[in-house]
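**Student:** Okay, here's the structure, questions in a sec.
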Amino acid sequence: MIEIRFHGRGGQGAVTASRLIAEAVAKEGKYAQAIPMYGTERRGAPVTAYVRIDYRPIRRRDLVHEPDIVIVIDPILSRKPSVAAGLKSGGLLLLNYPTPPEEVEIGGDFMVSTVDATTIALETLGRPITNTAVLGAFSRVTGITKLKSLEEAILKRFPGEIGKRNVEALRRAYEEVHLPKPAKGPLRPREEEPPHVTGYGVLKSVADWRVFRPVVDLEKCVGCRLCWIYCPETAISLVDEKPIIDYDKCKGCGICVHECPVKAIEFVRESV
Amino acid sequence: MEKLTIKDIPLEEYTITPGSACQGCGPALAARLVFKALGDKVIRHGVPSCPDSVTRTPHTFSVFESAGAALTGISRALKVLGRDDVLAVGFIGDGGTYDIGFQALSAAAERNEDILWFCKNNEAYMNTGIQRSSATPLYAWTTTTQVGPRGRGKETPRKNLPFIVAAHHVPYVATASIAFPTDLIGKVLHAKRLRGFRFIDILCPCPTGWRFDPSRTIEVARLAVQTGMWALYEIIDGREFRLTYKPKKLKPVEEYLRIQGRFRHLTDGEIEEIQRMVDENWERLLKLDEEGEFPL
Amino acid sequence: MTVEVMVGNKAAATGAKLSRVQVAVAFPVTPQTTIVEYLNEFITKGEMDCEFINVEGELSAQVVVQAASRIGARTFCCTSGPGCLYMHHPMHDTSSLRLPVVMAVVHRGNKGMQPDHTDLMSHIMTGWIQWYVENNQEVLDSIIMAYRVAEDMRVRIPIAVGYDGYILSYTAEPVDVPEQEEVDDFLPPYKPTPSLMPEDFDPKAPLWWRVPWEEHHKVIVDAKEVIKEVNEEFGKRFGRSYGNGLVEEYRCEDAEAVIVAMGTIASTARDAIDNLKAEGKPIGLVKLKCLVPFPYEDFQRIGSEVRAIGMIDRNVCLGVGGVGHTFIRNAIYDLEERPKVLGFHAGLAGKEVKVSDIERMAEKVLKAARGESVSPLVEWV
Ligand SMILES: Cc1ncc(C[n+]2csc(CCOP(=O)(O)OP(=O)(O)O)c2C)c(N)n1
Ligand code: SF4
Ligand code: SF4
Ligand code: SF4
Ligand SMILES: [Mg+2]
């Protein structure tokens, strides 16, 4: 049995990716289970999903604790060593990451493979929905499913133009993926829980929900308070009539950027 | 209502953040604004809904169908304990207000319980993943009003709940919008000073369920008001009616509908139909406003 | 027959579709919600010809199916946790009126969003037949079988098909979807009795008829035979059946001890039993599918064949104990030689039950079977 764990963020399609793998291997006559770790995730919040693949019906219904493969479809989560928690020795860590595996910071007794799925997704789909691109890399690196089965699964789920573009993302990633290298980075995964947010209530920091970060140009700001009054997260406070952003509270929704009447707030892509 | 400027809005925050709501969540902003205006002498009551309102005031929780009953219990207990300085406040979704909670809402309103009820109205059940409620507008797509060969989204217009609540002869009913914070907070401050059943229905766009980019939450909320899809008014004692926002000319509803994925499938004919409905309603509201009287 | 990878909720909706449900009513509640959405999708696409009602709450959901079933429509309802509890009052009448409503209950406990069986088990006294199933295939098959059983004139009792929220509701796995014609052959159209149509109606009939307690109880007890029959016939036609319809014994040959489990825990337990068997341990699994009517006869037989039984209850009847544990002890009381019956409360509020957890429970039951003393007799895992 092969066990896979996915990490992503609400809205990027980690759960769909897990389903597509299950559908693809089922076409090849294997058995699969795709388990999303649903709580009450909201758009932007980290999410987890699992896949099991076997040659006979799969009966166990606990979660995957020691995956053979970990796939991270979000570039920011790809920086977190905790994504590799529990990964089997000799296993594979497949990251959506812009640079080759040698430059990955995470290290351990497993292999790392990288693919710049965000760039591929932006160029093929026009949106940073990275799941199908990562699947292309998965197919190439692991050989667990054929590219063709994944294509069929994608086209069935997304008929028409969107499906075609997703297949393009899949194929490009298949070609462009950096093949696995031993994970030599300095950061070791601790035995902490992998990133995942469920449930209701108050969080410590939502800094890693952001894809873009609002940055205020205090020179341009005319002190109208609009960004302050419209921020749902109370991330903006007023100091001498000027807005100061608390980046632990800012989810990067972009409301302040959109509402500033003098365009004094810029939306800057978070660096990876 | 009280007339305010943005500088009059208190700086203190009562919501605890960051919460677990989505990026750009309209109801989360509504919670922030409402509880800012209410201050700390509050017991906030909630029923199941999206996780958009965690306040540092005391709070209670009860089953989905029960907000009106729970708030009654809270308010009557405060009364016997002689604590008329503490407000019983419900911050309840449109599901918990318009639908499953309607019976208990109506009963509490008819008894004129000493309650402040805020409906954080995102026009569907969002916590369970975008199902229609009776606050969902005509033709909106939801996961239970899908679009296909046998479906054009929701088949019926939304229930006019503020008018129904006003028909219970309660002291205060108002509509509000998160895009108009001074109007909203002015209404909350006014309601806070009254006694009896007070109801404020706040339109709170939900980027996840309405399908638009989270940065546009305020823009969408503003357009709802500027197009007349969501008029801002107050009804006092079930008798006096007043529009609190009266543009010379409404913008075409198309501007509001076209930027939301939930209306993506609309034909020009359907948009015209909605435009006619909105125009008729606006005429009616202008007339009520002019006469100043709510026809009970 | 085609194989489709689908989640448990789609299997339930597909079961309802293949059963040609005419009136479907539900109110969204996690983790049942996507059943409602799939039904809406089938209907919107024109794949299913059915009145679908978006009611304002579960109390109405239950009463709408009750009334529609009385008038003569095949009805389907589905719910979870809090919604299931909110329906309690009218559920009594659905059974008292002997209406063949079928309802999927996607388990969710009342202490959070996560699954346990306390939602459906709170309705033990409402007169609903209760099945607990272990995988998505069984979800689909059981809904179809439920209509056959519920509409059988010897039964005419509503049936709840329960499956664990999240663990099945949102997990995708391959499911064999039978052809519509095969299901049509198996499941003839529903006819209400008595007919309430003006031309058939007997004005002297009582206005509001509820079957008396004793008769009501006996009908449900006797339904066991019909359930077995229907399960067997389903097996012949579709190539799959589920034990005898009430319980399924897995690798119980030569077992000195058995674990009894319900729902998805029974599925995970199969791996645990295989592991222990590989080590030569004399253990087997009994899956308890039908809780109401309770298969006393099966447990009397099993109880006379083994020396210890370990019941895993994903529930607690507060202040009383595990429901399965209590019922099994009741079943074996009259045996000459009684096995030990150990109890385990596991998986409540969605707590994960791992293969290793079940192996450990099984070892304890084996120890009791060897006559060694074990304590406590009932344990929270
Ligand atoms: C009796 C009962 N039925 C169903 C549910 C499931 N449920 C929880 S929240 C919710 C929808 C809430 O909708 P709304 O009140 O509009 O609040 P929102 O999530 O949109 O903020 C539903 C259906 C429940 N908790 N209890
Ligand atoms: S991006 Fe959103 S959360 Fe961040 S400061 Fe601006 S309004 Fe607040
Ligand atoms: S909205 Fe723009 S101008 Fe107004 S306070 Fe914020 S940054 Fe300054
Ligand atoms: S679904 Fe909508 S209402 Fe719910 S938390 Fe997300 S944005 Fe807010
Ligand atoms: Mg809502």
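Ordering of the structure tokens sets the chain letters (A, B, ...), residue numbers begin anew at 1 in every chain, and ligands are numbered from 1 in the order given.
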Select, as an MDAnalysis selection string, those residues of chain B with any atom no more than 9 Å from chain A (distances computed using only C-alpha atoms).
**Tutor:** chainID B and resid 6:7 9 11 13 15:33 50:54 127:128 178:179 181 208 213:219
**Student:** Under the rule of at most 6 Å, produce a per-residue listing of chain B near chain C: chain, number, name, the closest pair of atoms, and the distance in Å, as CSV, using only C-alpha atoms.
**Tutor:**
residue,atom,partner,partner_atom,distance
B:Asp99,CA,C:Glu56,CA,4.9
B:Ile100,CA,C:Gly57,CA,5.0
B:Thr128,CA,C:Thr30,CA,5.9
B:Thr143,CA,C:Glu37,CA,5.5
B:Thr144,CA,C:Glu37,CA,5.5
B:Gly148,CA,C:Thr44,CA,5.4
B:Pro149,CA,C:Lys45,CA,5.5
B:Arg150,CA,C:Thr44,CA,4.5
B:Gly151,CA,C:Thr44,CA,5.2
**Student:** Pull the strand (DSSP E) assignments for region 8-255 of chain A out of DSSP run on the backbone, and list those residues as a ChimeraX atom specification.
**Tutor:** /A:8-9,31-36,46-54,69-72,92-96,107-115,178-184,212-216,236-239,242-245
**Student:** If we count only C-alpha atoms and set the cut-off at 8 Å, which residues sit around Gly90 (chain B), ignoring sequence neighbours fewer than 6 positions away in its own chain? Please answer as a list in words.
**Tutor:**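 Here the answer would be Arg44, His45, Gly46, Ala67, Leu71, Ile115, Leu116, Trp117, Phe118 and Cys119 of chain B.
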**Student:** Pick out the residues no farther than 8 Å from ligand 3, counting only C-alpha atoms and all ligand atoms, and list them as a PyMOL selection string.
**Tutor:** chain A and resi 216-218+220-228+241-243+256-257+259-265
**Student:** Do me a favour and pick out the residues of chain C within 12 Å of chain A, using only C-alpha atoms, as a ChimeraX atom specification.
**Tutor:** /C:2-8,30-31,112-115,134-137,164-176,263-274,347,350-358
**Student:** Env of Ala133 (chain A): 12 Å cut, atoms = only C-alpha atoms, seq-sep filter 4 positions within chain, self excluded. Answer as a VMD selection string.
**Tutor:** chain A and resid 12 to 14 17 71 to 74 94 to 97 114 to 125 127 to 129 137 to 140 147 150 to 151 154 165 to 177
**Student:** Would you kindly return, as a PyMOL selection string, each protein, DNA or RNA residue with an atom no farther than 7 Å from any atom of Phe64 (chain B), considering only C-alpha atoms and excluding same-chain residues fewer than 4 positions away?
**Tutor:** chain B and resi 47-48+96+101
**Student:** Store the residues picked out above in a file with N, CA and C atoms, as a CSV table (one decimal), in the first residue's frame.
**Tutor:**
chain,number,residue,atom,x,y,z
B,47,VAL,N,-25.7,31.0,17.4
B,47,VAL,CA,-26.1,29.7,17.1
B,47,VAL,C,-25.2,29.2,16.0
B,48,PRO,N,-25.3,28.0,15.5
B,48,PRO,CA,-24.3,27.6,14.5
B,48,PRO,C,-24.3,28.5,13.3
B,96,GLY,N,-30.2,31.2,10.7
B,96,GLY,CA,-30.7,31.2,12.0
B,96,GLY,C,-31.8,32.3,12.3
B,101,GLY,N,-34.7,29.6,12.5
B,101,GLY,CA,-34.9,30.4,13.8
B,101,GLY,C,-36.1,31.3,13.7
**Student:** Write down as a VMD selection string the residues of region 40-261 of chain C whose backbone DSSP state falls under alpha helix (DSSP H).
**Tutor:** chain C and resid 40 to 44 58 to 71 81 to 86 88 to 96 118 to 121 136 to 151 180 to 186 213 to 238
**Student:** Enumerate residues in contact with ligand 5: an atom-to-atom distance of at most 6 Å, counting only C-alpha atoms and all ligand atoms. Format the result as a PDB file with C-alpha atoms, in the first residue's frame.
**Tutor:**
ATOM      1  CA  GLY B  93     -26.878  34.300  10.425  1.00  0.00           C
ATOM      2  CA  ASP B  94     -29.687  34.591   7.909  1.00  0.00           C
ATOM      3  CA  GLY B  95     -30.339  30.859   8.302  1.00  0.00           C
ATOM      4  CA  ASN B 121     -26.982  38.389   6.351  1.00  0.00           C
ATOM      5  CA  ASN B 122     -24.773  36.757   3.734  1.00  0.00           C
ATOM      6  CA  GLU B 123     -27.811  35.492   1.840  1.00  0.00           C
ATOM      7  CA  ALA B 124     -27.168  31.758   2.232  1.00  0.00           C
ATOM      8  CA  TYR B 125     -25.977  29.061   4.603  1.00  0.00           C
ATOM      9  CA  MET B 126     -22.261  29.559   4.267  1.00  0.00           C
TER      10      MET B 126
END
**Student:** Determine, counting only C-alpha atoms, which protein, DNA and RNA residues have an atom within 9 Å of an atom of region 361-367 of chain C; residues of the same chain fewer than 6 positions away are not included. Present the result as number ranges by chain.
**Tutor:** C: 256-259, 272-273, 276, 281-283, 307-310, 312, 340-342, 344, 373-374, 381
**Student:** Could the residues in this selection be written to a file with N, CA, C and O atoms, as an mmCIF file, in the first residue's frame?
**Tutor:**
data_model
loop_
_atom_site.group_PDB
_atom_site.id
_atom_site.type_symbol
_atom_site.label_atom_id
_atom_site.label_comp_id
_atom_site.auth_asym_id
_atom_site.auth_seq_id
_atom_site.Cartn_x
_atom_site.Cartn_y
_atom_site.Cartn_z
ATOM 1 N N GLU C 256 -11.921 -18.211 19.281
ATOM 2 C CA GLU C 256 -12.279 -18.357 20.694
ATOM 3 C C GLU C 256 -12.799 -17.038 21.235
ATOM 4 O O GLU C 256 -13.414 -16.979 22.290
ATOM 5 N N ALA C 257 -12.498 -15.991 20.506
ATOM 6 C CA ALA C 257 -12.976 -14.677 20.931
ATOM 7 C C ALA C 257 -13.353 -13.892 19.686
ATOM 8 O O ALA C 257 -12.808 -14.134 18.607
ATOM 9 N N VAL C 258 -14.308 -12.982 19.845
ATOM 10 C CA VAL C 258 -14.639 -12.096 18.718
ATOM 11 C C VAL C 258 -14.692 -10.650 19.175
ATOM 12 O O VAL C 258 -15.023 -10.350 20.324
ATOM 13 N N ILE C 259 -14.344 -9.809 18.247
ATOM 14 C CA ILE C 259 -14.551 -8.367 18.404
ATOM 15 C C ILE C 259 -15.846 -8.054 17.669
ATOM 16 O O ILE C 259 -16.068 -8.560 16.567
ATOM 17 N N ALA C 272 -7.061 -5.409 11.323
ATOM 18 C CA ALA C 272 -6.531 -5.849 12.618
ATOM 19 C C ALA C 272 -6.696 -7.358 12.763
ATOM 20 O O ALA C 272 -5.775 -8.065 13.205
ATOM 21 N N ILE C 273 -7.844 -7.881 12.369
ATOM 22 C CA ILE C 273 -8.091 -9.323 12.494
ATOM 23 C C ILE C 273 -7.128 -10.098 11.586
ATOM 24 O O ILE C 273 -6.539 -11.099 12.008
ATOM 25 N N LEU C 276 -3.788 -10.315 13.264
ATOM 26 C CA LEU C 276 -3.748 -11.234 14.404
ATOM 27 C C LEU C 276 -3.865 -12.686 13.941
ATOM 28 O O LEU C 276 -3.208 -13.571 14.493
ATOM 29 N N LYS C 281 -3.572 -16.126 16.046
ATOM 30 C CA LYS C 281 -4.460 -15.857 17.184
ATOM 31 C C LYS C 281 -5.906 -16.248 16.841
ATOM 32 O O LYS C 281 -6.395 -15.930 15.754
ATOM 33 N N PRO C 282 -6.595 -16.924 17.768
ATOM 34 C CA PRO C 282 -7.956 -17.414 17.489
ATOM 35 C C PRO C 282 -9.015 -16.328 17.684
ATOM 36 O O PRO C 282 -9.810 -16.372 18.618
ATOM 37 N N ILE C 283 -9.010 -15.366 16.779
ATOM 38 C CA ILE C 283 -9.943 -14.244 16.930
ATOM 39 C C ILE C 283 -10.698 -14.013 15.628
ATOM 40 O O ILE C 283 -10.179 -14.297 14.552
ATOM 41 N N ARG C 307 -15.595 -17.811 23.792
ATOM 42 C CA ARG C 307 -15.446 -17.654 25.243
ATOM 43 C C ARG C 307 -15.403 -16.194 25.659
ATOM 44 O O ARG C 307 -15.554 -15.879 26.832
ATOM 45 N N ALA C 308 -15.161 -15.324 24.704
ATOM 46 C CA ALA C 308 -15.170 -13.896 25.065
ATOM 47 C C ALA C 308 -15.576 -13.062 23.860
ATOM 48 O O ALA C 308 -15.237 -13.382 22.721
ATOM 49 N N ILE C 309 -16.307 -11.990 24.153
ATOM 50 C CA ILE C 309 -16.762 -11.057 23.124
ATOM 51 C C ILE C 309 -16.303 -9.667 23.567
ATOM 52 O O ILE C 309 -16.429 -9.321 24.740
ATOM 53 N N GLY C 310 -15.772 -8.910 22.635
ATOM 54 C CA GLY C 310 -15.398 -7.526 22.955
ATOM 55 C C GLY C 310 -16.194 -6.585 22.072
ATOM 56 O O GLY C 310 -16.040 -6.606 20.850
ATOM 57 N N ILE C 312 -17.043 -3.016 20.602
ATOM 58 C CA ILE C 312 -16.524 -1.650 20.469
ATOM 59 C C ILE C 312 -17.703 -0.725 20.207
ATOM 60 O O ILE C 312 -18.329 -0.796 19.151
ATOM 61 N N LYS C 340 -17.516 -14.183 28.418
ATOM 62 C CA LYS C 340 -17.256 -12.854 28.986
ATOM 63 C C LYS C 340 -17.609 -11.828 27.917
ATOM 64 O O LYS C 340 -17.354 -12.043 26.729
ATOM 65 N N VAL C 341 -18.187 -10.712 28.322
ATOM 66 C CA VAL C 341 -18.448 -9.651 27.340
ATOM 67 C C VAL C 341 -17.758 -8.379 27.812
ATOM 68 O O VAL C 341 -18.156 -7.774 28.813
ATOM 69 N N LEU C 342 -16.695 -8.005 27.136
ATOM 70 C CA LEU C 342 -15.966 -6.789 27.479
ATOM 71 C C LEU C 342 -16.508 -5.629 26.647
ATOM 72 O O LEU C 342 -17.020 -5.835 25.549
ATOM 73 N N PHE C 344 -15.775 -1.622 25.055
ATOM 74 C CA PHE C 344 -14.820 -0.549 24.736
ATOM 75 C C PHE C 344 -15.601 0.626 24.182
ATOM 76 O O PHE C 344 -16.384 0.434 23.246
ATOM 77 N N SER C 373 -7.784 -12.945 34.182
ATOM 78 C CA SER C 373 -8.628 -11.838 34.617
ATOM 79 C C SER C 373 -8.199 -10.556 33.887
ATOM 80 O O SER C 373 -7.012 -10.315 33.675
ATOM 81 N N VAL C 374 -9.187 -9.811 33.468
ATOM 82 C CA VAL C 374 -8.898 -8.545 32.795
ATOM 83 C C VAL C 374 -9.681 -7.455 33.506
ATOM 84 O O VAL C 374 -10.780 -7.700 34.003
ATOM 85 N N VAL C 381 -11.332 3.967 25.312
ATOM 86 C CA VAL C 381 -10.091 3.890 24.546
ATOM 87 C C VAL C 381 -9.681 5.299 24.111
ATOM 88 O O VAL C 381 -10.520 6.038 23.610
#
